[in-house]
Structures are given as structure tokens and as C-alpha cells.
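Have a look at my_file-v5.cif below; it lists mmCIF, C-alpha atoms.
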data_run
#
loop_
_atom_site.group_PDB
_atom_site.id
_atom_site.type_symbol
_atom_site.label_atom_id
_atom_site.label_comp_id
_atom_site.auth_asym_id
_atom_site.auth_seq_id
_atom_site.Cartn_x
_atom_site.Cartn_y
_atom_site.Cartn_z
ATOM 1 C CA MET D 19 109.313 -118.138 68.975
ATOM 2 C CA ALA D 20 106.947 -119.791 66.522
ATOM 3 C CA ARG D 21 103.546 -118.164 66.116
ATOM 4 C CA PHE D 22 100.750 -120.687 66.300
ATOM 5 C CA GLN D 23 97.396 -120.631 64.547
ATOM 6 C CA PRO D 24 94.497 -121.784 66.729
ATOM 7 C CA LYS D 25 92.336 -124.579 65.329
ATOM 8 C CA ASN D 26 89.295 -123.138 67.063
ATOM 9 C CA PRO D 27 88.312 -119.600 66.010
ATOM 10 C CA ASP D 28 86.639 -119.174 69.421
ATOM 11 C CA TYR D 29 89.761 -120.310 71.310
ATOM 12 C CA ARG D 30 89.895 -117.156 73.456
ATOM 13 C CA GLU D 31 86.339 -117.383 74.832
ATOM 14 C CA ILE D 32 86.538 -121.150 75.334
ATOM 15 C CA ALA D 33 89.959 -120.975 77.042
ATOM 16 C CA ILE D 34 88.752 -118.223 79.368
ATOM 17 C CA ASP D 35 85.609 -120.237 80.192
ATOM 18 C CA THR D 36 87.707 -123.346 80.890
ATOM 19 C CA PHE D 37 90.038 -121.383 83.146
ATOM 20 C CA GLU D 38 87.160 -119.735 85.009
ATOM 21 C CA ARG D 39 85.617 -123.157 85.751
ATOM 22 C CA GLN D 40 88.781 -124.120 87.678
ATOM 23 C CA HIS D 41 87.684 -123.511 91.254
ATOM 24 C CA ALA D 42 91.246 -124.051 92.461
ATOM 25 C CA MET D 43 92.473 -121.067 90.440
ATOM 26 C CA ARG D 44 89.652 -118.910 91.816
ATOM 27 C CA THR D 45 90.512 -120.010 95.359
ATOM 28 C CA LEU D 46 94.151 -119.008 94.799
ATOM 29 C CA GLY D 47 93.156 -115.695 93.247
ATOM 30 C CA ILE D 48 94.937 -116.548 89.994
ATOM 31 C CA SER D 49 93.704 -114.709 86.899
ATOM 32 C CA ILE D 50 94.528 -114.490 83.209
ATOM 33 C CA ALA D 51 96.745 -111.486 82.460
ATOM 34 C CA ARG D 52 97.446 -112.271 78.781
ATOM 35 C CA LEU D 53 96.196 -114.894 76.352
ATOM 36 C CA GLU D 54 97.444 -115.596 72.821
ATOM 37 C CA PRO D 55 97.482 -118.762 70.701
ATOM 38 C CA GLY D 56 99.930 -121.106 72.432
ATOM 39 C CA GLU D 57 100.770 -118.619 75.198
ATOM 40 C CA VAL D 58 99.320 -117.459 78.494
ATOM 41 C CA ASP D 59 100.359 -115.300 81.426
ATOM 42 C CA LEU D 60 98.590 -115.823 84.738
ATOM 43 C CA ALA D 61 98.866 -113.506 87.748
ATOM 44 C CA MET D 62 98.509 -114.060 91.495
ATOM 45 C CA ALA D 63 98.851 -111.730 94.462
ATOM 46 C CA TYR D 64 100.794 -112.833 97.540
ATOM 47 C CA SER D 65 98.780 -114.184 100.449
ATOM 48 C CA PRO D 66 100.161 -115.423 103.767
ATOM 49 C CA ASP D 67 97.601 -118.234 103.468
ATOM 50 C CA PHE D 68 99.732 -119.733 100.662
ATOM 51 C CA THR D 69 103.028 -119.858 102.559
ATOM 52 C CA GLN D 70 105.070 -122.685 103.971
ATOM 53 C CA GLN D 71 106.911 -122.667 107.320
ATOM 54 C CA ASN D 72 109.574 -120.138 106.196
ATOM 55 C CA GLY D 73 107.104 -117.620 104.816
ATOM 56 C CA PHE D 74 107.715 -118.407 101.117
ATOM 57 C CA VAL D 75 104.801 -119.281 98.850
ATOM 58 C CA HIS D 76 104.481 -123.061 99.001
ATOM 59 C CA ALA D 77 105.894 -125.077 96.104
ATOM 60 C CA GLY D 78 102.477 -126.707 95.637
ATOM 61 C CA ILE D 79 100.898 -123.308 94.966
ATOM 62 C CA ILE D 80 103.651 -122.379 92.497
ATOM 63 C CA THR D 81 103.276 -125.755 90.780
ATOM 64 C CA ALA D 82 99.491 -125.365 90.561
ATOM 65 C CA GLY D 83 99.888 -121.983 88.850
ATOM 66 C CA LEU D 84 102.427 -123.363 86.385
ATOM 67 C CA ASP D 85 100.303 -126.442 85.647
ATOM 68 C CA SER D 86 97.252 -124.322 84.882
ATOM 69 C CA ALA D 87 99.306 -121.929 82.737
ATOM 70 C CA CYS D 88 100.670 -124.825 80.688
ATOM 71 C CA GLY D 89 97.182 -126.297 80.365
ATOM 72 C CA ILE D 90 95.572 -123.096 79.130
ATOM 73 C CA ALA D 91 98.454 -122.381 76.716
ATOM 74 C CA ALA D 92 98.024 -125.870 75.234
ATOM 75 C CA PHE D 93 94.230 -125.568 75.222
ATOM 76 C CA THR D 94 94.340 -122.471 73.003
ATOM 77 C CA LEU D 95 95.591 -124.697 70.173
ATOM 78 C CA MET D 96 93.119 -127.553 70.609
ATOM 79 C CA PRO D 97 90.359 -128.157 68.035
ATOM 80 C CA VAL D 98 86.667 -127.446 68.589
ATOM 81 C CA GLY D 99 85.113 -129.944 71.004
ATOM 82 C CA SER D 100 88.336 -130.560 72.934
ATOM 83 C CA ASP D 101 89.102 -130.497 76.600
ATOM 84 C CA ILE D 102 92.514 -130.572 78.283
ATOM 85 C CA LEU D 103 94.153 -132.784 80.888
ATOM 86 C CA THR D 104 97.694 -132.776 82.266
ATOM 87 C CA VAL D 105 99.402 -136.146 81.907
ATOM 88 C CA GLU D 106 102.907 -135.264 83.134
ATOM 89 C CA PHE D 107 105.017 -132.403 84.409
ATOM 90 C CA LYS D 108 108.396 -131.721 85.926
ATOM 91 C CA THR D 109 109.056 -128.677 88.063
ATOM 92 C CA ASN D 110 112.385 -127.161 89.029
ATOM 93 C CA LEU D 111 112.264 -124.869 92.054
ATOM 94 C CA LEU D 112 115.019 -122.302 91.531
ATOM 95 C CA ALA D 113 114.604 -119.682 94.271
ATOM 96 C CA PRO D 114 112.428 -119.004 97.304
ATOM 97 C CA ALA D 115 109.009 -117.769 96.185
ATOM 98 C CA ARG D 116 108.793 -114.447 97.972
ATOM 99 C CA GLY D 117 107.147 -111.384 96.531
ATOM 100 C CA ARG D 118 104.021 -109.266 96.363
ATOM 101 C CA ARG D 119 102.838 -110.675 93.036
ATOM 102 C CA PHE D 120 103.529 -113.808 91.030
ATOM 103 C CA ALA D 121 103.403 -114.452 87.286
ATOM 104 C CA PHE D 122 103.000 -117.856 85.661
ATOM 105 C CA ARG D 123 103.945 -117.729 81.968
ATOM 106 C CA ALA D 124 103.593 -120.696 79.652
ATOM 107 C CA THR D 125 104.235 -121.325 75.984
ATOM 108 C CA VAL D 126 103.631 -124.286 73.743
ATOM 109 C CA VAL D 127 106.839 -125.948 72.595
ATOM 110 C CA LYS D 128 105.280 -128.628 70.389
ATOM 111 C CA PRO D 129 101.559 -128.912 69.689
ATOM 112 C CA GLY D 130 100.235 -132.314 68.723
ATOM 113 C CA ARG D 131 97.003 -133.985 67.754
ATOM 114 C CA THR D 132 96.745 -135.686 71.149
ATOM 115 C CA LEU D 133 99.751 -134.554 73.222
ATOM 116 C CA THR D 134 101.137 -131.039 73.548
ATOM 117 C CA VAL D 135 104.395 -130.104 75.286
ATOM 118 C CA CYS D 136 104.648 -126.769 77.105
ATOM 119 C CA GLU D 137 107.209 -124.852 79.104
ATOM 120 C CA GLY D 138 106.270 -122.629 82.006
ATOM 121 C CA ARG D 139 108.110 -120.146 84.175
ATOM 122 C CA ALA D 140 107.048 -118.693 87.510
ATOM 123 C CA TYR D 141 108.286 -115.264 88.554
ATOM 124 C CA ALA D 142 108.041 -113.456 91.877
ATOM 125 C CA GLU D 143 107.885 -109.665 91.895
ATOM 126 C CA HIS D 144 109.860 -108.419 94.892
ATOM 127 C CA ASP D 145 111.224 -104.912 95.484
ATOM 128 C CA GLY D 146 110.376 -103.868 91.934
ATOM 129 C CA ALA D 147 112.234 -106.729 90.245
ATOM 130 C CA GLU D 148 111.131 -110.097 88.882
ATOM 131 C CA THR D 149 112.926 -113.236 90.038
ATOM 132 C CA LEU D 150 112.564 -116.565 88.255
ATOM 133 C CA VAL D 151 111.474 -118.953 91.012
ATOM 134 C CA ALA D 152 110.456 -122.101 89.106
ATOM 135 C CA THR D 153 110.249 -123.721 85.699
ATOM 136 C CA MET D 154 107.980 -126.469 84.419
ATOM 137 C CA THR D 155 107.908 -128.759 81.428
ATOM 138 C CA GLY D 156 104.477 -130.272 80.986
ATOM 139 C CA THR D 157 102.725 -132.687 78.678
ATOM 140 C CA LEU D 158 99.020 -132.135 78.168
ATOM 141 C CA MET D 159 96.455 -134.314 76.455
ATOM 142 C CA ALA D 160 93.529 -133.293 74.286
ATOM 143 C CA LEU D 161 90.416 -135.287 75.016
ATOM 144 C CA PRO D 162 86.825 -135.033 73.838
ATOM 145 C CA ARG D 163 84.893 -132.402 75.786
ATOM 146 C CA ARG D 164 82.444 -133.901 78.262
ATOM 147 C CA GLU D 165 79.248 -132.513 79.689
ATOM 148 C CA ARG D 166 79.845 -129.826 82.285
ATOM 149 C CA ALA D 167 80.335 -131.034 85.833
ATOM 150 C CA ALA D 168 77.181 -131.901 87.744
ATOM 151 C CA SER D 169 75.723 -129.410 90.183
ATOM 152 C CA LYS D 170 77.485 -128.950 93.533
ATOM 153 C CA GLU D 171 74.721 -130.804 95.335
ATOM 154 C CA ASN D 172 75.124 -133.878 93.135
ATOM 155 C CA VAL D 173 78.928 -133.817 93.394
ATOM 156 C CA HIS D 174 78.796 -133.644 97.181
ATOM 157 C CA ALA D 175 76.121 -136.334 97.339
ATOM 158 C CA ARG D 176 78.402 -138.752 95.472
ATOM 159 C CA ALA D 177 81.443 -138.047 97.660
#
Exercise: express the given structure as C-alpha cells:
Amino acid sequence: MARFQPKNPDYREIAIDTFERQHAMRTLGISIARLEPGEVDLAMAYSPDFTQQNGFVHAGIITAGLDSACGIAAFTLMPVGSDILTVEFKTNLLAPARGRRFAFRATVVKPGRTLTVCEGRAYAEHDGAETLVATMTGTLMALPRRERAASKENVHARA
């Protein structure tokens, strides 16, 4: 795999801050397990609150983890003053998502000035073994960083 050089020397701190501002990831209990230029591993513990009718983790939860992993992997290569936004992804669900822990691993395939292509893989840890449960190919867009989101009170007032 190609080793990438980040354009932002503070990529690690900024990527972690961006990830931590994603309330959805906090709600799902997803955290960063590893972060390198163009690569990220996210981790999530199983919760029955995330399951569908058969007891497997819902495809929407798996997709959310993969999307965020691809976004943070791409973001590590963005220049100073950038933000990140997903513009497209395709997910293949390969096996039922059952396990005690889940890993979402993403790598940059092709970084670009505006668009970056990533690949992600979701794994379920079950009975001491990892099973590949889903893959994702995503396209992410660099955009100029905006002011931080307004306070909760202002956001709710506008809703």
C-alpha cells in the first residue's frame, strides 16, 4: 500500500477533533483505534440497541461506521483549512453482523485536490475470530472549513 504524506502537519489533532464533533459516532460508541495518514481504524462494541429484527447489527449502523471511517481516512490528507463531506458511497453487505466488537477500517485509494476515493471494510469479532461483514467504496469531497456549528439552543430553535 502507498504511504501518504499529510498536507497538514496537524492532521492528527484536527482529524480527531473532527471525529469527536460527530455526535452520531458518540451515540453509537464508535471510537478511533488507529489513525495514520490516509488510514483509520474505528472500533464499536456490540449493543442490542443497534440490532435489526434478527438480532444482527443493523446495516445502517454498519454503513455509518464505514462512512465515518472513509471520511476520517480521507480527511487526514486534506490541506489546512479543509473540511470533509461524503458525496457518494456503495456498500456491499457480505455476512450477518454479529459479534461482540466491530472494526471499521478505511484506507485512501486515490487522494485528490477536491475528491478522494476510499475503501472501507467492516469486521465483526465473534468467538475470537474476525469476519468481514461489509465493504464500502466512498468518494469524499474537500470543502473549505466553516465556522463551528451553532450552539445546541440555536440549532433547536431553527428546527
| query | Using all atoms listed in the file, which residues sit within 9 Å of range 139-147 of chain D once same-chain residues fewer than 2 positions away are excluded, as a ChimeraX atom specification? | reply | /D:80-81,83-84,114-124,137,149-154
| query | From the list D:Thr155, D:Ser86, D:Thr45, D:Thr109, which residue is nearest Thr134 in chain D when using all atoms listed in the file? | reply | D:Thr155
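Minimum atom-to-atom distances from D:Cys136, D:Leu161, D:Ala77, D:Ala51 to Ala92 in chain D were compared using all atoms listed in the file, and the lowest value belongs to D:Cys136.
Omitting Gly56 in chain D and its sequence neighbours fewer than 4 positions away, and counting all atoms listed in the file, the residues within 8 Å are Arg21, Phe22, Pro24, Ala91, Ala92, Phe93, Thr94, Leu95, Thr125 and Val126 of chain D.
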Print the selection's residues with C-alpha atoms to a file, as an mmCIF file, in the coordinates of the input.
data_model
loop_
_atom_site.group_PDB
_atom_site.id
_atom_site.type_symbol
_atom_site.label_atom_id
_atom_site.label_comp_id
_atom_site.auth_asym_id
_atom_site.auth_seq_id
_atom_site.Cartn_x
_atom_site.Cartn_y
_atom_site.Cartn_z
ATOM 1 C CA ARG D 21 103.546 -118.164 66.116
ATOM 2 C CA PHE D 22 100.750 -120.687 66.300
ATOM 3 C CA PRO D 24 94.497 -121.784 66.729
ATOM 4 C CA ALA D 91 98.454 -122.381 76.716
ATOM 5 C CA ALA D 92 98.024 -125.870 75.234
ATOM 6 C CA PHE D 93 94.230 -125.568 75.222
ATOM 7 C CA THR D 94 94.340 -122.471 73.003
ATOM 8 C CA LEU D 95 95.591 -124.697 70.173
ATOM 9 C CA THR D 125 104.235 -121.325 75.984
ATOM 10 C CA VAL D 126 103.631 -124.286 73.743
#
| query | Which residues, written as a list in words, have at least one atom at most 7 Å from Thr157 in chain D, with all atoms listed in the file counted and residues fewer than 6 positions away on the same chain left out? | reply | Thr104, Val105, Glu106, Phe107, Leu133, Thr134, Val135 and Cys136 of chain D
| field | Distance of CA of Thr36 in chain D from CA of Pro129 in chain D, expressed in Å to one decimal place | value | 18.7 Å
| Please, what distance in Å, to one decimal, runs between CA of Asp67 in chain D and CA of Gly47 in chain D? | 11.4 Å
| message | Please determine, counting only C-alpha atoms, which residue among D:His41, D:Arg131, D:Lys108, D:Arg30 has the shortest atom-to-atom distance to Pro162 in chain D. | response | D:Arg131
Specify the axis-aligned box that encloses all atoms of range 85-99 of chain D listed in the file after padding of 8 Å on each side, stating its centre and edge lengths in Å to one decimal as lines of an AutoDock Vina configuration file.
center_x = 92.9
center_y = -125.9
center_z = 76.8
size_x = 31.6
size_y = 24.0
size_z = 33.6
| At what distance in Å, to one decimal, does CA of Glu57 in chain D lie from CA of Glu148 in chain D? | 19.2 Å
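Remark: for Arg44 in chain D, the closest of the candidate residues D:Asn72, D:Pro66, D:Asn26, D:Ala82 is D:Ala82 (distances computed over all atoms listed in the file).
For the residues D:Met96, D:Val127, D:Leu111, D:Leu103, ranking by smallest atom-to-atom distance to Val75 in chain D using all atoms listed in the file places D:Leu111 first.
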| said: Which residue is closest to Ile34 in chain D? Choose from D:Arg52, D:Lys128, D:His76, D:Arg164 and count only C-alpha atoms. | reply: D:Arg52
Could you write range 90-114 of chain D of the block just shown to a file containing N, CA, C and O atoms, as a JSON list (two decimals), in the first residue's frame?
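This went into result34.json:
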[["chain", "number", "residue", "atom", "x", "y", "z"],
["D", 90, "ILE", "N", -12.80, 10.04, 7.71],
["D", 90, "ILE", "CA", -11.64, 10.43, 8.51],
["D", 90, "ILE", "C", -10.35, 10.03, 7.80],
["D", 90, "ILE", "O", -9.37, 10.80, 7.81],
["D", 91, "ALA", "N", -10.32, 8.87, 7.14],
["D", 91, "ALA", "CA", -9.12, 8.49, 6.38],
["D", 91, "ALA", "C", -8.82, 9.53, 5.31],
["D", 91, "ALA", "O", -7.68, 9.98, 5.17],
["D", 92, "ALA", "N", -9.84, 9.95, 4.58],
["D", 92, "ALA", "CA", -9.66, 10.98, 3.54],
["D", 92, "ALA", "C", -9.24, 12.31, 4.17],
["D", 92, "ALA", "O", -8.36, 13.01, 3.66],
["D", 93, "PHE", "N", -9.86, 12.66, 5.28],
["D", 93, "PHE", "CA", -9.60, 13.94, 5.93],
["D", 93, "PHE", "C", -8.14, 14.09, 6.37],
["D", 93, "PHE", "O", -7.59, 15.19, 6.37],
["D", 94, "THR", "N", -7.49, 12.99, 6.73],
["D", 94, "THR", "CA", -6.10, 13.06, 7.16],
["D", 94, "THR", "C", -5.17, 13.58, 6.08],
["D", 94, "THR", "O", -4.05, 14.01, 6.38],
["D", 95, "LEU", "N", -5.62, 13.56, 4.83],
["D", 95, "LEU", "CA", -4.78, 14.00, 3.71],
["D", 95, "LEU", "C", -5.20, 15.36, 3.16],
["D", 95, "LEU", "O", -4.62, 15.84, 2.19],
["D", 96, "MET", "N", -6.20, 15.98, 3.76],
["D", 96, "MET", "CA", -6.70, 17.26, 3.28],
["D", 96, "MET", "C", -5.78, 18.40, 3.75],
["D", 96, "MET", "O", -5.16, 18.32, 4.81],
["D", 97, "PRO", "N", -5.72, 19.49, 2.98],
["D", 97, "PRO", "CA", -4.88, 20.62, 3.39],
["D", 97, "PRO", "C", -5.48, 21.40, 4.56],
["D", 97, "PRO", "O", -6.66, 21.25, 4.89],
["D", 98, "VAL", "N", -4.65, 22.24, 5.15],
["D", 98, "VAL", "CA", -5.09, 23.13, 6.24],
["D", 98, "VAL", "C", -6.32, 23.91, 5.77],
["D", 98, "VAL", "O", -6.39, 24.35, 4.62],
["D", 99, "GLY", "N", -7.29, 24.06, 6.66],
["D", 99, "GLY", "CA", -8.49, 24.84, 6.34],
["D", 99, "GLY", "C", -9.57, 24.04, 5.64],
["D", 99, "GLY", "O", -10.57, 24.61, 5.21],
["D", 100, "SER", "N", -9.38, 22.73, 5.53],
["D", 100, "SER", "CA", -10.37, 21.89, 4.84],
["D", 100, "SER", "C", -11.36, 21.29, 5.82],
["D", 100, "SER", "O", -11.11, 21.18, 7.01],
["D", 101, "ASP", "N", -12.48, 20.90, 5.26],
["D", 101, "ASP", "CA", -13.46, 20.08, 5.94],
["D", 101, "ASP", "C", -13.78, 18.94, 4.98],
["D", 101, "ASP", "O", -13.30, 18.92, 3.85],
["D", 102, "ILE", "N", -14.60, 18.00, 5.41],
["D", 102, "ILE", "CA", -14.84, 16.79, 4.61],
["D", 102, "ILE", "C", -16.34, 16.53, 4.52],
["D", 102, "ILE", "O", -17.08, 16.82, 5.46],
["D", 103, "LEU", "N", -16.77, 16.02, 3.38],
["D", 103, "LEU", "CA", -18.17, 15.69, 3.16],
["D", 103, "LEU", "C", -18.24, 14.50, 2.21],
["D", 103, "LEU", "O", -17.58, 14.49, 1.17],
["D", 104, "THR", "N", -19.04, 13.51, 2.57],
["D", 104, "THR", "CA", -19.25, 12.36, 1.69],
["D", 104, "THR", "C", -20.15, 12.77, 0.55],
["D", 104, "THR", "O", -21.17, 13.42, 0.76],
["D", 105, "VAL", "N", -19.77, 12.39, -0.67],
["D", 105, "VAL", "CA", -20.62, 12.69, -1.83],
["D", 105, "VAL", "C", -21.20, 11.43, -2.46],
["D", 105, "VAL", "O", -22.16, 11.50, -3.22],
["D", 106, "GLU", "N", -20.61, 10.26, -2.13],
["D", 106, "GLU", "CA", -21.12, 9.01, -2.71],
["D", 106, "GLU", "C", -20.50, 7.84, -1.98],
["D", 106, "GLU", "O", -19.38, 7.92, -1.53],
["D", 107, "PHE", "N", -21.27, 6.77, -1.82],
["D", 107, "PHE", "CA", -20.69, 5.51, -1.37],
["D", 107, "PHE", "C", -21.53, 4.35, -1.83],
["D", 107, "PHE", "O", -22.71, 4.49, -2.13],
["D", 108, "LYS", "N", -20.88, 3.19, -1.90],
["D", 108, "LYS", "CA", -21.54, 1.94, -2.21],
["D", 108, "LYS", "C", -21.10, 0.94, -1.17],
["D", 108, "LYS", "O", -19.91, 0.80, -0.89],
["D", 109, "THR", "N", -22.07, 0.25, -0.59],
["D", 109, "THR", "CA", -21.79, -0.74, 0.44],
["D", 109, "THR", "C", -22.23, -2.11, -0.03],
["D", 109, "THR", "O", -23.31, -2.26, -0.60],
["D", 110, "ASN", "N", -21.38, -3.09, 0.21],
["D", 110, "ASN", "CA", -21.74, -4.50, 0.00],
["D", 110, "ASN", "C", -21.82, -5.16, 1.37],
["D", 110, "ASN", "O", -20.85, -5.13, 2.13],
["D", 111, "LEU", "N", -22.98, -5.74, 1.67],
["D", 111, "LEU", "CA", -23.16, -6.45, 2.93],
["D", 111, "LEU", "C", -22.86, -7.92, 2.64],
["D", 111, "LEU", "O", -23.53, -8.55, 1.82],
["D", 112, "LEU", "N", -21.85, -8.46, 3.30],
["D", 112, "LEU", "CA", -21.32, -9.78, 2.96],
["D", 112, "LEU", "C", -21.70, -10.89, 3.92],
["D", 112, "LEU", "O", -21.70, -12.06, 3.53],
["D", 113, "ALA", "N", -21.99, -10.55, 5.16],
["D", 113, "ALA", "CA", -22.33, -11.56, 6.17],
["D", 113, "ALA", "C", -23.13, -10.88, 7.27],
["D", 113, "ALA", "O", -23.03, -9.67, 7.46],
["D", 114, "PRO", "N", -23.92, -11.66, 8.01],
["D", 114, "PRO", "CA", -24.64, -11.06, 9.14],
["D", 114, "PRO", "C", -23.67, -10.43, 10.13],
["D", 114, "PRO", "O", -22.62, -11.01, 10.44]]
